[in-house]
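Raw coords-v1.cif, mmCIF, C-alpha atoms:
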```
data_entry
loop_
_atom_site.label_atom_id
_atom_site.label_comp_id
_atom_site.auth_asym_id
_atom_site.auth_seq_id
_atom_site.Cartn_x
_atom_site.Cartn_y
_atom_site.Cartn_z
CA MET A 1 0.00 0.00 0.00
CA GLY A 2 1.57 3.20 -1.14
CA GLN A 3 0.59 6.80 -0.82
CA PRO A 4 -2.56 8.07 -2.53
CA PRO A 5 -2.09 9.84 -5.85
CA LYS A 6 -0.96 13.46 -5.82
CA SER A 7 -4.36 14.71 -7.05
CA LYS A 8 -6.08 13.02 -4.10
CA ILE A 9 -3.65 14.64 -1.63
CA GLU A 10 -4.28 18.08 -3.19
CA GLN A 11 -8.03 17.54 -2.97
CA LEU A 12 -7.78 16.61 0.73
CA LYS A 13 -5.66 19.70 1.43
CA ARG A 14 -8.18 21.90 -0.39
CA GLU A 15 -11.08 20.42 1.60
CA LYS A 16 -9.19 21.01 4.84
CA ARG A 17 -8.55 24.68 3.92
CA GLU A 18 -12.21 25.20 3.01
CA ALA A 19 -13.40 23.62 6.26
CA LYS A 20 -11.06 25.87 8.23
CA ALA A 21 -12.27 28.96 6.36
CA ALA A 22 -15.90 28.02 7.09
CA LYS A 23 -15.17 27.94 10.83
CA LYS A 24 -13.84 31.51 10.89
CA ARG A 25 -15.86 34.08 12.78
CA LYS A 26 -18.38 35.90 10.65
CA ILE A 27 -18.40 39.68 10.82
CA ALA A 28 -21.51 41.86 11.18
CA THR A 29 -24.16 39.17 10.72
CA ARG A 30 -26.57 40.46 13.38
CA ASP A 31 -29.81 41.97 12.15
CA LYS A 32 -30.16 45.67 12.71
CA ILE A 33 -32.91 46.90 14.97
CA VAL A 34 -35.21 49.24 13.13
CA ARG A 35 -37.47 51.50 15.13
CA PHE A 36 -40.30 53.75 14.10
CA LEU A 37 -41.86 56.49 16.16
CA VAL A 38 -45.42 57.15 15.07
CA VAL A 39 -47.20 60.00 16.80
CA CYS A 40 -50.79 60.80 15.99
CA GLU A 41 -53.39 63.31 17.10
CA GLY A 42 -56.34 60.98 17.55
CA GLU A 43 -56.93 58.98 20.70
CA ARG A 44 -58.74 56.03 19.10
CA THR A 45 -58.85 56.01 15.32
CA GLU A 46 -55.16 56.30 14.41
CA PRO A 47 -53.94 53.93 17.16
CA ASN A 48 -56.49 51.37 15.90
CA TYR A 49 -55.13 51.72 12.36
CA PHE A 50 -51.57 51.05 13.49
CA GLN A 51 -52.53 48.14 15.75
CA GLU A 52 -54.34 46.43 12.90
CA LEU A 53 -51.46 47.13 10.55
CA VAL A 54 -49.07 45.34 12.89
CA LYS A 55 -51.46 42.41 13.45
CA ASP A 56 -52.58 41.85 9.85
CA ARG A 57 -49.21 42.02 8.10
CA TYR A 58 -46.38 39.57 8.15
CA SER A 59 -44.02 41.75 10.09
CA GLU A 60 -41.17 41.18 12.43
CA VAL A 61 -42.52 43.63 14.98
CA ARG A 62 -41.61 42.20 18.35
CA SER A 63 -43.49 44.67 20.47
CA GLU A 64 -45.47 47.79 19.94
CA GLU A 65 -46.91 50.47 22.12
CA ILE A 66 -49.47 52.63 20.41
CA VAL A 67 -50.94 55.47 22.41
CA GLY A 68 -53.13 58.26 21.07
CA GLU A 69 -52.21 61.55 22.64
CA GLY A 70 -55.32 63.59 21.82
CA ARG A 71 -53.33 66.81 21.54
CA SER A 72 -53.18 69.71 19.14
CA THR A 73 -50.67 69.61 16.32
CA CYS A 74 -48.12 71.94 17.98
CA ALA A 75 -48.30 70.11 21.30
CA LEU A 76 -48.01 66.81 19.46
CA VAL A 77 -44.81 67.89 17.71
CA LYS A 78 -43.30 68.92 21.06
CA ARG A 79 -44.34 65.60 22.61
CA ALA A 80 -42.78 63.67 19.72
CA ALA A 81 -39.51 65.55 20.22
CA ASP A 82 -39.57 64.68 23.93
CA ILE A 83 -40.17 60.99 23.18
CA LYS A 84 -37.35 60.95 20.62
CA ILE A 85 -34.93 62.40 23.16
CA GLN A 86 -35.88 59.69 25.67
CA LEU A 87 -35.18 56.92 23.18
#
```
Could you rewrite the structure in this file as structure tokens?
Amino acid sequence: MGQPPKSKIEQLKREKREAKAAKKRKIATRDKIVRFLVVCEGERTEPNYFQELVKDRYSEVRSEEIVGEGRSTCALVKRAADIKIQL
């Protein structure tokens, strides 16, 4: 029993290199977290729209908190800025 042919040895070496390369640590494979801040004037109608949108669609929304503020437009803009700062 002699040594395997040279082509077989080269193939084994190539397979070993490929297996080693496959084990290397992958860089930046984590999914990015995407957030949306939706602020609306209505207390019932708009929050209902967004709740149904999240429920009815195939989305990857993990959690949602939808609250209608019932404020005027100017007060709503200020409230949205405050919420954004907190996040």
Would you mind telling me which residue in A:Lys16, A:Arg71, A:Ser63, A:Leu37 lies nearest to A:Ile83 when using only C-alpha atoms? A:Leu37
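Atom CA of A:Ile85 sits 18.8 Å away from atom CA of A:Gly68.
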Could you tell me, as a ChimeraX atom specification, exactly which residues end up selected when the PyMOL selection byres ((chain A and resi 40-47) around 10) is applied to this structure? /A:37-39,48-53,65-73,75-77,80
Expressed in Å, the length from atom CA of A:Pro5 to atom CA of A:Lys24 is 29.8 Å
Between atom CA of A:Asp82 and atom CA of A:Phe36, what is the distance in Å, rounded to a tenth?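 Straight-line distance from atom CA of A:Asp82 to atom CA of A:Phe36 works out to 14.7 Å.
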Report as lines of an AutoDock Vina configuration file the centre and the edge lengths, in Å to one decimal, of the axis-aligned box holding every listed atom of stretch 71-78 of chain A, padded by 8 Å on each side.
```
center_x = -48.3
center_y = 69.4
center_z = 18.9
size_x = 26.0
size_y = 21.1
size_z = 21.2
```
As a tab-separated table (two decimals), in the frame of the given file, could you write out stretch 32-51 of chain A once it has been completed with N, CA, C and O atoms?
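Final file, rebuild_24.tsv:
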```
chain	number	residue	atom	x	y	z
A	32	LYS	N	-30.06	44.34	12.12
A	32	LYS	CA	-30.16	45.67	12.71
A	32	LYS	C	-31.56	45.87	13.27
A	32	LYS	O	-32.54	45.40	12.71
A	33	ILE	N	-31.62	46.58	14.36
A	33	ILE	CA	-32.91	46.90	14.97
A	33	ILE	C	-33.43	48.18	14.33
A	33	ILE	O	-32.75	49.20	14.33
A	34	VAL	N	-34.60	48.09	13.77
A	34	VAL	CA	-35.21	49.24	13.13
A	34	VAL	C	-36.37	49.69	13.99
A	34	VAL	O	-37.20	48.89	14.39
A	35	ARG	N	-36.40	50.97	14.28
A	35	ARG	CA	-37.47	51.50	15.13
A	35	ARG	C	-38.18	52.62	14.40
A	35	ARG	O	-37.58	53.38	13.65
A	36	PHE	N	-39.48	52.68	14.65
A	36	PHE	CA	-40.30	53.75	14.10
A	36	PHE	C	-41.02	54.43	15.25
A	36	PHE	O	-41.52	53.77	16.15
A	37	LEU	N	-41.08	55.73	15.19
A	37	LEU	CA	-41.86	56.49	16.16
A	37	LEU	C	-43.03	57.10	15.39
A	37	LEU	O	-42.84	57.91	14.49
A	38	VAL	N	-44.22	56.64	15.72
A	38	VAL	CA	-45.42	57.15	15.07
A	38	VAL	C	-46.22	57.90	16.12
A	38	VAL	O	-46.60	57.33	17.14
A	39	VAL	N	-46.45	59.16	15.88
A	39	VAL	CA	-47.20	60.00	16.80
A	39	VAL	C	-48.42	60.52	16.06
A	39	VAL	O	-48.31	61.01	14.94
A	40	CYS	N	-49.57	60.38	16.68
A	40	CYS	CA	-50.79	60.80	15.99
A	40	CYS	C	-51.68	61.61	16.92
A	40	CYS	O	-51.60	61.50	18.14
A	41	GLU	N	-52.54	62.43	16.32
A	41	GLU	CA	-53.39	63.31	17.10
A	41	GLU	C	-54.56	62.57	17.76
A	41	GLU	O	-54.93	62.88	18.87
A	42	GLY	N	-55.14	61.64	17.05
A	42	GLY	CA	-56.34	60.98	17.55
A	42	GLY	C	-56.07	60.04	18.71
A	42	GLY	O	-54.99	59.49	18.84
A	43	GLU	N	-57.07	59.88	19.54
A	43	GLU	CA	-56.93	58.98	20.70
A	43	GLU	C	-57.35	57.55	20.36
A	43	GLU	O	-56.87	56.62	20.99
A	44	ARG	N	-58.24	57.39	19.40
A	44	ARG	CA	-58.74	56.03	19.10
A	44	ARG	C	-58.51	55.59	17.67
A	44	ARG	O	-58.03	54.50	17.43
A	45	THR	N	-58.86	56.44	16.72
A	45	THR	CA	-58.85	56.01	15.32
A	45	THR	C	-57.45	55.65	14.83
A	45	THR	O	-57.22	54.54	14.35
A	46	GLU	N	-56.50	56.56	14.92
A	46	GLU	CA	-55.16	56.30	14.41
A	46	GLU	C	-54.46	55.15	15.15
A	46	GLU	O	-53.86	54.30	14.51
A	47	PRO	N	-54.54	55.09	16.49
A	47	PRO	CA	-53.94	53.93	17.16
A	47	PRO	C	-54.54	52.60	16.68
A	47	PRO	O	-53.83	51.62	16.53
A	48	ASN	N	-55.85	52.59	16.42
A	48	ASN	CA	-56.49	51.37	15.90
A	48	ASN	C	-55.93	51.00	14.53
A	48	ASN	O	-55.70	49.83	14.25
A	49	TYR	N	-55.71	51.99	13.68
A	49	TYR	CA	-55.13	51.72	12.36
A	49	TYR	C	-53.77	51.04	12.51
A	49	TYR	O	-53.48	50.04	11.85
A	50	PHE	N	-52.92	51.59	13.35
A	50	PHE	CA	-51.57	51.05	13.49
A	50	PHE	C	-51.57	49.68	14.17
A	50	PHE	O	-50.78	48.81	13.80
A	51	GLN	N	-52.44	49.47	15.12
A	51	GLN	CA	-52.53	48.14	15.75
A	51	GLN	C	-52.94	47.08	14.74
A	51	GLN	O	-52.36	45.99	14.71
```
